[in-house]
>>> print(open('start.txt').read())   # compact mmCIF, N, CA and C atoms
# COMPACT_ATOMS: atom_id res chain seq x y z
N MET O 1 -0.74 -5.06 -17.35
CA MET O 1 -1.30 -4.72 -16.06
C MET O 1 -0.44 -5.29 -14.93
N PHE O 2 0.06 -6.52 -15.12
CA PHE O 2 0.89 -7.13 -14.10
C PHE O 2 2.18 -6.34 -13.91
N GLY O 3 2.75 -5.86 -15.01
CA GLY O 3 3.98 -5.07 -14.93
C GLY O 3 3.78 -3.78 -14.15
N LEU O 4 2.60 -3.19 -14.30
CA LEU O 4 2.29 -1.95 -13.58
C LEU O 4 2.22 -2.20 -12.08
N ILE O 5 1.60 -3.30 -11.69
CA ILE O 5 1.51 -3.64 -10.27
C ILE O 5 2.89 -3.91 -9.69
N VAL O 6 3.70 -4.65 -10.43
CA VAL O 6 5.06 -4.95 -9.95
C VAL O 6 5.87 -3.67 -9.83
N MET O 7 5.73 -2.77 -10.79
CA MET O 7 6.47 -1.52 -10.75
C MET O 7 6.10 -0.69 -9.51
N VAL O 8 4.81 -0.61 -9.21
CA VAL O 8 4.37 0.15 -8.04
C VAL O 8 4.87 -0.49 -6.75
N LEU O 9 4.84 -1.82 -6.67
CA LEU O 9 5.30 -2.50 -5.47
C LEU O 9 6.81 -2.36 -5.28
N VAL O 10 7.56 -2.41 -6.38
CA VAL O 10 9.01 -2.23 -6.29
C VAL O 10 9.34 -0.80 -5.85
N MET O 11 8.63 0.17 -6.39
CA MET O 11 8.86 1.56 -5.97
C MET O 11 8.54 1.73 -4.49
N GLY O 12 7.46 1.13 -4.03
CA GLY O 12 7.12 1.21 -2.61
C GLY O 12 8.17 0.56 -1.73
N GLY O 13 8.71 -0.56 -2.18
CA GLY O 13 9.76 -1.23 -1.42
C GLY O 13 11.04 -0.40 -1.35
N LEU O 14 11.41 0.21 -2.46
CA LEU O 14 12.59 1.07 -2.46
C LEU O 14 12.41 2.28 -1.56
N ILE O 15 11.21 2.83 -1.57
CA ILE O 15 10.95 4.00 -0.73
C ILE O 15 10.96 3.60 0.75
N ALA O 16 10.43 2.43 1.06
CA ALA O 16 10.47 1.96 2.45
C ALA O 16 11.92 1.74 2.89
N PHE O 17 12.75 1.22 1.99
CA PHE O 17 14.17 1.04 2.30
C PHE O 17 14.84 2.38 2.58
N LEU O 18 14.52 3.39 1.77
CA LEU O 18 15.07 4.72 2.00
C LEU O 18 14.61 5.30 3.33
N CYS O 19 13.38 5.02 3.70
CA CYS O 19 12.85 5.53 4.97
C CYS O 19 13.58 4.91 6.16
N ILE O 20 13.87 3.64 6.06
CA ILE O 20 14.55 2.96 7.16
C ILE O 20 15.98 3.49 7.31
N ASN O 21 16.64 3.75 6.19
CA ASN O 21 18.05 4.16 6.25
C ASN O 21 18.26 5.66 6.31
N SER O 22 17.20 6.43 6.41
CA SER O 22 17.34 7.89 6.43
C SER O 22 17.42 8.38 7.88
N SER O 23 18.19 9.45 8.06
CA SER O 23 18.30 10.02 9.41
C SER O 23 17.58 11.37 9.52
N GLU O 24 17.20 11.96 8.40
CA GLU O 24 16.51 13.24 8.41
C GLU O 24 15.01 13.05 8.60
N GLU O 25 14.40 13.92 9.38
CA GLU O 25 12.96 13.80 9.66
C GLU O 25 12.11 14.13 8.44
N VAL O 26 12.49 15.16 7.69
CA VAL O 26 11.70 15.56 6.53
C VAL O 26 11.70 14.47 5.47
N SER O 27 12.85 13.85 5.25
CA SER O 27 12.90 12.80 4.25
C SER O 27 12.10 11.58 4.69
N LYS O 28 12.06 11.30 5.99
CA LYS O 28 11.25 10.19 6.47
C LYS O 28 9.76 10.45 6.24
N VAL O 29 9.33 11.67 6.50
CA VAL O 29 7.92 12.01 6.29
C VAL O 29 7.56 11.90 4.82
N LEU O 30 8.43 12.40 3.95
CA LEU O 30 8.17 12.32 2.51
C LEU O 30 8.16 10.89 2.01
N THR O 31 9.08 10.06 2.51
CA THR O 31 9.10 8.67 2.04
C THR O 31 7.87 7.90 2.52
N VAL O 32 7.41 8.18 3.72
CA VAL O 32 6.20 7.51 4.21
C VAL O 32 4.99 7.94 3.39
N ALA O 33 4.92 9.22 3.04
CA ALA O 33 3.80 9.70 2.22
C ALA O 33 3.82 9.07 0.83
N ILE O 34 4.98 9.00 0.22
CA ILE O 34 5.09 8.40 -1.12
C ILE O 34 4.82 6.90 -1.06
N ALA O 35 5.26 6.23 0.00
CA ALA O 35 4.97 4.81 0.14
C ALA O 35 3.47 4.57 0.31
N GLY O 36 2.80 5.45 1.04
CA GLY O 36 1.35 5.32 1.20
C GLY O 36 0.62 5.52 -0.12
N ILE O 37 1.06 6.50 -0.90
CA ILE O 37 0.43 6.74 -2.20
C ILE O 37 0.66 5.57 -3.14
N SER O 38 1.86 5.01 -3.14
CA SER O 38 2.12 3.85 -4.01
C SER O 38 1.32 2.63 -3.54
N GLY O 39 1.10 2.51 -2.24
CA GLY O 39 0.25 1.42 -1.75
C GLY O 39 -1.19 1.56 -2.21
N ILE O 40 -1.68 2.79 -2.22
CA ILE O 40 -3.04 3.03 -2.71
C ILE O 40 -3.14 2.71 -4.20
N PHE O 41 -2.12 3.12 -4.97
CA PHE O 41 -2.12 2.80 -6.40
C PHE O 41 -2.06 1.28 -6.63
N ALA O 42 -1.31 0.58 -5.79
CA ALA O 42 -1.24 -0.87 -5.93
C ALA O 42 -2.60 -1.50 -5.69
N LEU O 43 -3.36 -0.98 -4.72
CA LEU O 43 -4.70 -1.51 -4.48
C LEU O 43 -5.67 -1.16 -5.61
N VAL O 44 -5.51 0.03 -6.20
CA VAL O 44 -6.38 0.44 -7.30
C VAL O 44 -6.16 -0.44 -8.51
N PHE O 45 -4.90 -0.77 -8.80
CA PHE O 45 -4.58 -1.57 -9.98
C PHE O 45 -4.66 -3.07 -9.74
N ALA O 46 -4.97 -3.48 -8.51
CA ALA O 46 -5.05 -4.91 -8.20
C ALA O 46 -6.28 -5.53 -8.88
N PRO O 47 -6.19 -6.81 -9.20
CA PRO O 47 -7.36 -7.48 -9.78
C PRO O 47 -8.55 -7.47 -8.83
N TRP O 48 -9.75 -7.63 -9.36
CA TRP O 48 -10.94 -7.52 -8.53
C TRP O 48 -11.01 -8.62 -7.49
N GLN O 49 -10.38 -9.77 -7.74
CA GLN O 49 -10.39 -10.85 -6.76
C GLN O 49 -9.62 -10.44 -5.50
N VAL O 50 -8.50 -9.77 -5.70
CA VAL O 50 -7.70 -9.30 -4.56
C VAL O 50 -8.46 -8.22 -3.81
N GLN O 51 -9.09 -7.32 -4.52
CA GLN O 51 -9.87 -6.26 -3.87
C GLN O 51 -11.04 -6.86 -3.09
N LEU O 52 -11.68 -7.88 -3.62
CA LEU O 52 -12.78 -8.53 -2.92
C LEU O 52 -12.31 -9.19 -1.64
N VAL O 53 -11.18 -9.87 -1.69
CA VAL O 53 -10.63 -10.51 -0.49
C VAL O 53 -10.31 -9.46 0.58
N LEU O 54 -9.72 -8.34 0.17
CA LEU O 54 -9.42 -7.27 1.13
C LEU O 54 -10.69 -6.67 1.72
N LEU O 55 -11.72 -6.50 0.90
CA LEU O 55 -12.98 -5.96 1.39
C LEU O 55 -13.61 -6.89 2.42
N VAL O 56 -13.65 -8.18 2.13
CA VAL O 56 -14.22 -9.16 3.07
C VAL O 56 -13.41 -9.18 4.36
N PHE O 57 -12.08 -9.12 4.24
CA PHE O 57 -11.22 -9.11 5.43
C PHE O 57 -11.51 -7.89 6.29
N ILE O 58 -11.65 -6.73 5.67
CA ILE O 58 -11.92 -5.50 6.42
C ILE O 58 -13.30 -5.55 7.06
N LEU O 59 -14.29 -6.06 6.35
CA LEU O 59 -15.64 -6.11 6.89
C LEU O 59 -15.76 -7.05 8.08
N PHE O 60 -15.04 -8.17 8.06
CA PHE O 60 -15.17 -9.14 9.14
C PHE O 60 -14.20 -8.93 10.29
N THR O 61 -13.20 -8.05 10.13
CA THR O 61 -12.27 -7.84 11.23
C THR O 61 -12.48 -6.53 11.96
N THR O 62 -13.38 -5.70 11.49
CA THR O 62 -13.63 -4.44 12.20
C THR O 62 -14.47 -4.70 13.45
N ARG O 63 -14.25 -3.90 14.45
CA ARG O 63 -15.01 -4.03 15.69
C ARG O 63 -16.30 -3.24 15.60
N ASN O 64 -17.29 -3.67 16.35
CA ASN O 64 -18.54 -2.92 16.45
C ASN O 64 -18.33 -1.78 17.45
N ILE O 65 -18.62 -0.57 17.02
CA ILE O 65 -18.40 0.60 17.87
C ILE O 65 -19.58 0.81 18.82
N ALA O 66 -20.73 0.28 18.50
CA ALA O 66 -21.94 0.51 19.29
C ALA O 66 -21.87 -0.05 20.66
>>> encode(input="start.txt", output="structure tokens")
Amino acid sequence: MFGLIVMVLVMGGLIAFLCINSSEEVSKVLTVAIAGISGIFALVFAPWQVQLVLLVFILFTTRNIA
């Protein structure tokens, strides 16, 4: 499981590097989309403790819209 998380994070890092060094607009859009998908997969495969910390962080840092 740890290897899977590391693999997804490394892929996301490589894609972010490609996005920074790319000059074409289409390739930038594709790299941002793939980086977002790999970030979602990293959160899905994260241990429940990490997911709980992220949930608490999101719940306590959001603003009240009312």
>>> atom_distance(input="start.txt", atom1="atom CA of O:Ala35", atom2="atom CA of O:Ile15")
6.1 Å
>>> atom_distance(input="start.txt", atom1="atom C of O:Ile5", atom2="atom CA of O:Ala42")
6.4 Å
>>> atom_distance(input="start.txt", atom1="atom C of O:Lys28", atom2="atom CA of O:Val10")
17.8 Å
>>> select_by_dssp(input="start.txt", residues="chain O", states="alpha helix (DSSP H)", output="PyMOL selection string")
chain O and resi 2-21+25-45+48-61
>>> closest_residue(input="start.txt", among="O:Leu43, O:Thr31, O:Leu55, O:Thr62", to="O:Gly13", atoms="only C-alpha atoms")
O:Thr31
>>> residues_around(input="start.txt", residues="stretch 37-39 of chain O", least_positions_apart="4", cutoff="6.5 Å", atoms="only N, CA and C atoms", output="ChimeraX atom specification")
/O:8-9,12,32-33,43-44
>>> axis_aligned_box(input="start.txt", around="stretch 32-47 of chain O", padding_each_side="6 Å", output="lines of an AutoDock Vina configuration file")
center_x = -0.6
center_y = 1.1
center_z = -2.9
size_x = 28.0
size_y = 29.2
size_z = 26.2
